[in-house]
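A short worksheet on the structure shown next.
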Amino acid sequence: MVGKGGLLVMIKSQQLQRRESLNDPVSRWDRMLEIRYFEDRIKELFAEGLVHGTTHTYQGQEAIAIGIAMTLRPTDNVCCTYRSHGIALALGMTTDSVLGEIMGRAIGSIGGVGGSMHLSDASIGLLPTSAIVGGGIPVAAGAALSAQVLGEDRCAVAVFGDGASNIGAFHEGLNLASVWKLPVVFICENNVYGEYSRINLTTSVEDISIRAESYSMPTEIIDGQSVDKVAQGVARAVERARSGGGPTLLECKTYRYSGHSRADAGLYRPAGELEEWLKRDPIDLYEAQLIEAGLLSKERAQTIRQEIQERIAQLVERVMASPLADVSAMFRNISIGGGQ
Ligand SMILES: Cc1ncc(C[n+]2csc(CCOP(=O)(O)OP(=O)(O)O)c2C)c(N)n1
Ligand SMILES: [Mg+2]
């Protein structure tokens, strides 16, 4: 019988193992599929009325999550948005922890009281995700400032969307990070849409990367459909951050396959646009690369796909059978009266 403390230790070590497994290229591909099938199932669970509230899924952007997670250390800090199930899974959070949180279960990453938009686990470096567009940018700058002040060998990463680059917090965060040469990497997932609007209708520039120039900041435009390209870009930026060279803005060009949130079918998109992006699906591209390199066979790939589908089906059953969040979990991390 494992006590609560022991269970926590087991989960933490499982998460770190999941993170380390990204050293292996086939495991990276496996994790991308896990994210894709997980998100497909999440959409169904909401449509079936089994989950309340809303959710924002990540299909199409998986290469970015993996490229970031395989490059950072668990001690680095990551700030993300409401569209972060994929990044949490890539960083090592277990599927039980993410689905448990989404379904309001006690096993969720913060005890089931936060839901889809509020995932967090300090042991893998994931600071609380947030629904405030751009909100993670100054928080990441703050985490980087703390590393600088404390002299710790750690960097911070903010992951945000193209729409967030129109928010004041983006400009304030980048400016101060540049002036103070903070060890932070700003990663913009330019997925062409902010809510229900195409980027050309809301944003004065086509490439978000141009905005780095105002803050004297190095920048790169990266193919967000390629795990290796993302990892290489993140590695260059992280190296700069760790060696005192200050912040970098990376813009990863990608595409959001789903609508903005659960109820959005994305009908405002121009005909054929999704189909064009599907031709460069990040999971298919990586699979082809692994097969070409002799690391994966078509037969093994098919088996892995089936195994992950089965894993996700079992996951849903397990989480649905697990206890709901306890009301007391809402107050677990709150101290009332004198900061006791
Ligand atoms: C400060 C703030 N303003 C507006 C909103 C409403 N809102 C939620 S998502 C979103 C679009 C953000 O788009 P983007 O940054 O491109 O991220 P994506 O959803 O594409 O990942 C908006 C405007 C919000 N949540 N927070
Ligand atoms: Mg966007």
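Convention: chains lettered A, B, ... in structure tokens order; per-chain residue numbering from 1; ligands numbered from 1 as shown.
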Could you build a table of the residues in chain A lying no more than 9 Å from ligand 1, giving for each the nearest pair of atoms and their separation in Å rounded to one decimal place, using only C-alpha atoms and all ligand atoms, ordered by chain and ascending residue number, as CSV?
residue,atom,partner,partner_atom_place_in_ligand_line,distance
A:His56,CA,ligand 1,19 (O),7.4
A:Thr57,CA,ligand 1,21 (O),8.8
A:Tyr58,CA,ligand 1,21 (O),8.2
A:Thr81,CA,ligand 1,21 (O),7.4
A:Tyr82,CA,ligand 1,19 (O),7.7
A:Arg83,CA,ligand 1,21 (O),5.8
A:Ser84,CA,ligand 1,21 (O),8.7
A:Ser130,CA,ligand 1,25 (N),8.6
A:Ala131,CA,ligand 1,25 (N),5.1
A:Ile132,CA,ligand 1,26 (N),4.0
A:Val133,CA,ligand 1,26 (N),4.0
A:Gly134,CA,ligand 1,1 (C),6.6
A:Gly135,CA,ligand 1,1 (C),7.2
A:Phe160,CA,ligand 1,15 (O),5.9
A:Gly161,CA,ligand 1,15 (O),3.3
A:Asp162,CA,ligand 1,16 (O),4.0
A:Gly163,CA,ligand 1,15 (O),3.4
A:Ala164,CA,ligand 1,15 (O),3.9
A:Ser165,CA,ligand 1,15 (O),6.9
A:Asn166,CA,ligand 1,15 (O),8.3
A:Ile167,CA,ligand 1,1 (C),7.2
A:Ala169,CA,ligand 1,1 (C),8.9
A:Cys188,CA,ligand 1,15 (O),8.4
A:Glu189,CA,ligand 1,21 (O),6.9
A:Asn190,CA,ligand 1,16 (O),6.5
A:Asn191,CA,ligand 1,20 (O),5.7
A:Val192,CA,ligand 1,16 (O),7.1
A:Tyr193,CA,ligand 1,20 (O),5.1
A:Gly194,CA,ligand 1,13 (O),3.3
A:Glu195,CA,ligand 1,11 (C),4.3
A:Tyr196,CA,ligand 1,11 (C),7.9
A:Ser197,CA,ligand 1,11 (C),8.5
A:Ile199,CA,ligand 1,16 (O),8.0
A:Tyr255,CA,ligand 1,20 (O),8.7
A:Arg256,CA,ligand 1,20 (O),7.1
A:His260,CA,ligand 1,19 (O),6.0
A:Ser261,CA,ligand 1,19 (O),8.2
Next, the residues of the selection above should be written as a short mmCIF file (atom, residue, chain, number, x, y, z; two decimals), in the first residue's frame with N, CA and C atoms.
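After the write, result04.cif holds the following:
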data_model
loop_
_atom_site.label_atom_id
_atom_site.label_comp_id
_atom_site.auth_asym_id
_atom_site.auth_seq_id
_atom_site.Cartn_x
_atom_site.Cartn_y
_atom_site.Cartn_z
N HIS A 56 -9.29 24.27 -25.20
CA HIS A 56 -8.61 24.75 -26.42
C HIS A 56 -7.56 23.72 -26.77
N THR A 57 -7.73 23.07 -27.91
CA THR A 57 -6.85 21.93 -28.20
C THR A 57 -5.70 22.31 -29.14
N TYR A 58 -4.75 21.38 -29.26
CA TYR A 58 -3.39 21.69 -29.76
C TYR A 58 -3.04 20.96 -31.05
N THR A 81 -0.13 29.07 -22.13
CA THR A 81 -1.48 29.62 -22.18
C THR A 81 -2.52 28.55 -21.86
N TYR A 82 -3.77 28.90 -22.17
CA TYR A 82 -4.91 27.99 -22.05
C TYR A 82 -4.83 26.86 -23.08
N ARG A 83 -3.96 26.96 -24.09
CA ARG A 83 -3.86 25.91 -25.12
C ARG A 83 -2.61 25.07 -24.84
N SER A 84 -2.56 24.47 -23.65
CA SER A 84 -1.27 23.90 -23.22
C SER A 84 -1.29 22.44 -22.81
N SER A 130 -2.39 29.88 -18.01
CA SER A 130 -3.34 30.96 -17.72
C SER A 130 -4.17 31.33 -18.94
N ALA A 131 -5.39 31.80 -18.67
CA ALA A 131 -6.30 32.21 -19.74
C ALA A 131 -6.10 33.66 -20.13
N ILE A 132 -5.23 34.36 -19.44
CA ILE A 132 -5.01 35.78 -19.74
C ILE A 132 -4.04 35.87 -20.91
N VAL A 133 -4.54 36.30 -22.05
CA VAL A 133 -3.69 36.35 -23.25
C VAL A 133 -2.47 37.24 -22.97
N GLY A 134 -1.29 36.69 -23.19
CA GLY A 134 -0.04 37.44 -22.97
C GLY A 134 0.43 37.43 -21.53
N GLY A 135 -0.40 36.92 -20.63
CA GLY A 135 -0.10 37.00 -19.19
C GLY A 135 1.18 36.28 -18.80
N PHE A 160 3.45 31.56 -26.28
CA PHE A 160 2.20 32.33 -26.45
C PHE A 160 1.84 32.36 -27.93
N GLY A 161 0.66 32.91 -28.22
CA GLY A 161 0.19 32.92 -29.60
C GLY A 161 0.51 34.21 -30.33
N ASP A 162 0.20 34.20 -31.63
CA ASP A 162 0.40 35.40 -32.45
C ASP A 162 -0.46 36.55 -31.93
N GLY A 163 -1.69 36.23 -31.50
CA GLY A 163 -2.58 37.28 -30.99
C GLY A 163 -2.01 37.97 -29.76
N ALA A 164 -1.30 37.20 -28.95
CA ALA A 164 -0.72 37.76 -27.72
C ALA A 164 0.32 38.83 -28.03
N SER A 165 0.87 38.81 -29.23
CA SER A 165 1.90 39.82 -29.54
C SER A 165 1.29 41.19 -29.79
N ASN A 166 -0.05 41.28 -29.74
CA ASN A 166 -0.71 42.59 -29.84
C ASN A 166 -1.06 43.16 -28.47
N ILE A 167 -0.71 42.42 -27.43
CA ILE A 167 -1.09 42.78 -26.06
C ILE A 167 0.03 43.58 -25.41
N ALA A 169 1.28 43.48 -22.49
CA ALA A 169 2.22 42.68 -21.68
C ALA A 169 3.37 42.13 -22.53
N CYS A 188 6.78 32.40 -29.82
CA CYS A 188 5.45 32.70 -30.35
C CYS A 188 5.02 31.57 -31.27
N GLU A 189 3.89 30.95 -30.96
CA GLU A 189 3.32 29.94 -31.84
C GLU A 189 2.37 30.67 -32.78
N ASN A 190 2.87 31.02 -33.94
CA ASN A 190 2.01 31.74 -34.90
C ASN A 190 1.19 30.71 -35.66
N ASN A 191 -0.05 30.50 -35.17
CA ASN A 191 -0.92 29.49 -35.78
C ASN A 191 -1.98 30.11 -36.68
N VAL A 192 -1.72 31.35 -37.10
CA VAL A 192 -2.51 32.06 -38.11
C VAL A 192 -3.82 32.66 -37.59
N TYR A 193 -4.29 32.21 -36.45
CA TYR A 193 -5.57 32.71 -35.93
C TYR A 193 -5.48 33.14 -34.47
N GLY A 194 -6.25 34.17 -34.12
CA GLY A 194 -6.49 34.54 -32.73
C GLY A 194 -8.00 34.49 -32.56
N GLU A 195 -8.49 33.63 -31.72
CA GLU A 195 -9.93 33.35 -31.63
C GLU A 195 -10.50 33.10 -33.03
N TYR A 196 -11.42 33.95 -33.48
CA TYR A 196 -12.14 33.65 -34.73
C TYR A 196 -11.65 34.52 -35.89
N SER A 197 -10.49 35.16 -35.70
CA SER A 197 -9.99 36.09 -36.71
C SER A 197 -8.66 35.65 -37.28
N ILE A 199 -5.02 36.23 -38.88
CA ILE A 199 -3.99 37.18 -38.44
C ILE A 199 -3.98 38.48 -39.24
N TYR A 255 -0.01 25.86 -37.54
CA TYR A 255 -1.43 26.01 -37.87
C TYR A 255 -2.28 25.24 -36.87
N ARG A 256 -3.36 25.90 -36.45
CA ARG A 256 -4.28 25.30 -35.50
C ARG A 256 -5.34 24.52 -36.27
N HIS A 260 -11.06 27.65 -32.42
CA HIS A 260 -10.42 28.25 -31.25
C HIS A 260 -10.67 27.45 -29.98
N SER A 261 -11.93 27.12 -29.74
CA SER A 261 -12.28 26.38 -28.52
C SER A 261 -13.34 25.33 -28.84
#
Do a neighbour search on Arg211 of chain A at 12 Å with only C-alpha atoms, toss out local chain neighbours closer than 4 positions, and write the hits as a list in words.
->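 Listing them by chain and then by number gives Asp162, Ser165, Asn166, Phe170, His171, Leu174, Asn175, Phe186, Cys188, Thr203, Ser204, Val205, Glu206, Asp207, Tyr215, Ser216, Met217, Pro218, Thr219, Glu220, Ile221, Thr248, Leu249, Leu250 and Glu251 of chain A.
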For the interface of segment 160-246 of chain A with segment 277-297 of chain A (cut-off 10 Å, counting only C-alpha atoms), please tabulate each contacting residue of segment 160-246 of chain A alongside its nearest pair of atoms and their separation in Å to one decimal, rows sorted by chain and increasing number, as a Markdown table.
| residue | atom | partner | partner_atom | distance |
| --- | --- | --- | --- | --- |
| A:Asp223 | CA | A:Pro282 | CA | 9.9 |
| A:Gly224 | CA | A:Pro282 | CA | 8.1 |
| A:Gln225 | CA | A:Pro282 | CA | 4.6 |
| A:Ser226 | CA | A:Pro282 | CA | 6.1 |
| A:Val227 | CA | A:Tyr286 | CA | 7.3 |
| A:Asp228 | CA | A:Tyr286 | CA | 8.9 |
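Each of A:Val185, A:Cys252, A:Val113, A:Leu22 was compared to ligand 2 using only C-alpha atoms and all ligand atoms, and A:Cys252 turns out to be the nearest.
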Counting only C-alpha atoms, figure out which residue out of A:Glu299, A:Asp24, A:Asp121, A:Glu307 gets nearest to Leu8 of chain A.
-> A:Asp121
Selection near Ala106 of chain A, 7 Å with only C-alpha atoms, sequence-local residues under 5 positions removed, as a ChimeraX atom specification | /A:100,111-112,323-326
Students should find that atom CA of Ile66 of chain A and atom CA of Arg28 of chain A are spaced 6.7 Å
Contacts of Val238 of chain A within 8 Å, only C-alpha atoms, excl. fewer than 3 positions in-chain, as a ChimeraX atom specification | /A:72,155,183-185,234-235,241-242
By how many Å are atom CA of Ala321 of chain A and atom CA of Arg19 of chain A apart?
-> 26.8 Å
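The shortest atom-to-atom distance to ligand 2, with only C-alpha atoms and all ligand atoms taken into account, belongs to A:Thr202 out of A:Ser13, A:Gln314, A:Asn77, A:Thr202.
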Fewer than 6 positions away in the same chain doesn't count, so skip those; otherwise give me all residues within 10 Å of Ser21 of chain A, counting only C-alpha atoms, as a list in words.
-> Gln15, Ser27, Arg28, Arg31, Met70 and Gly92 of chain A
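Atom pair atom CA of Lys4 of chain A / atom CA of Phe38 of chain A: separated by 26.6 Å.
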Based on DSSP run over this structure's backbone, return all residues of segment 114-212 of chain A in alpha helix (DSSP H), as a ChimeraX atom specification.
-> /A:136-150,168-179,199-202
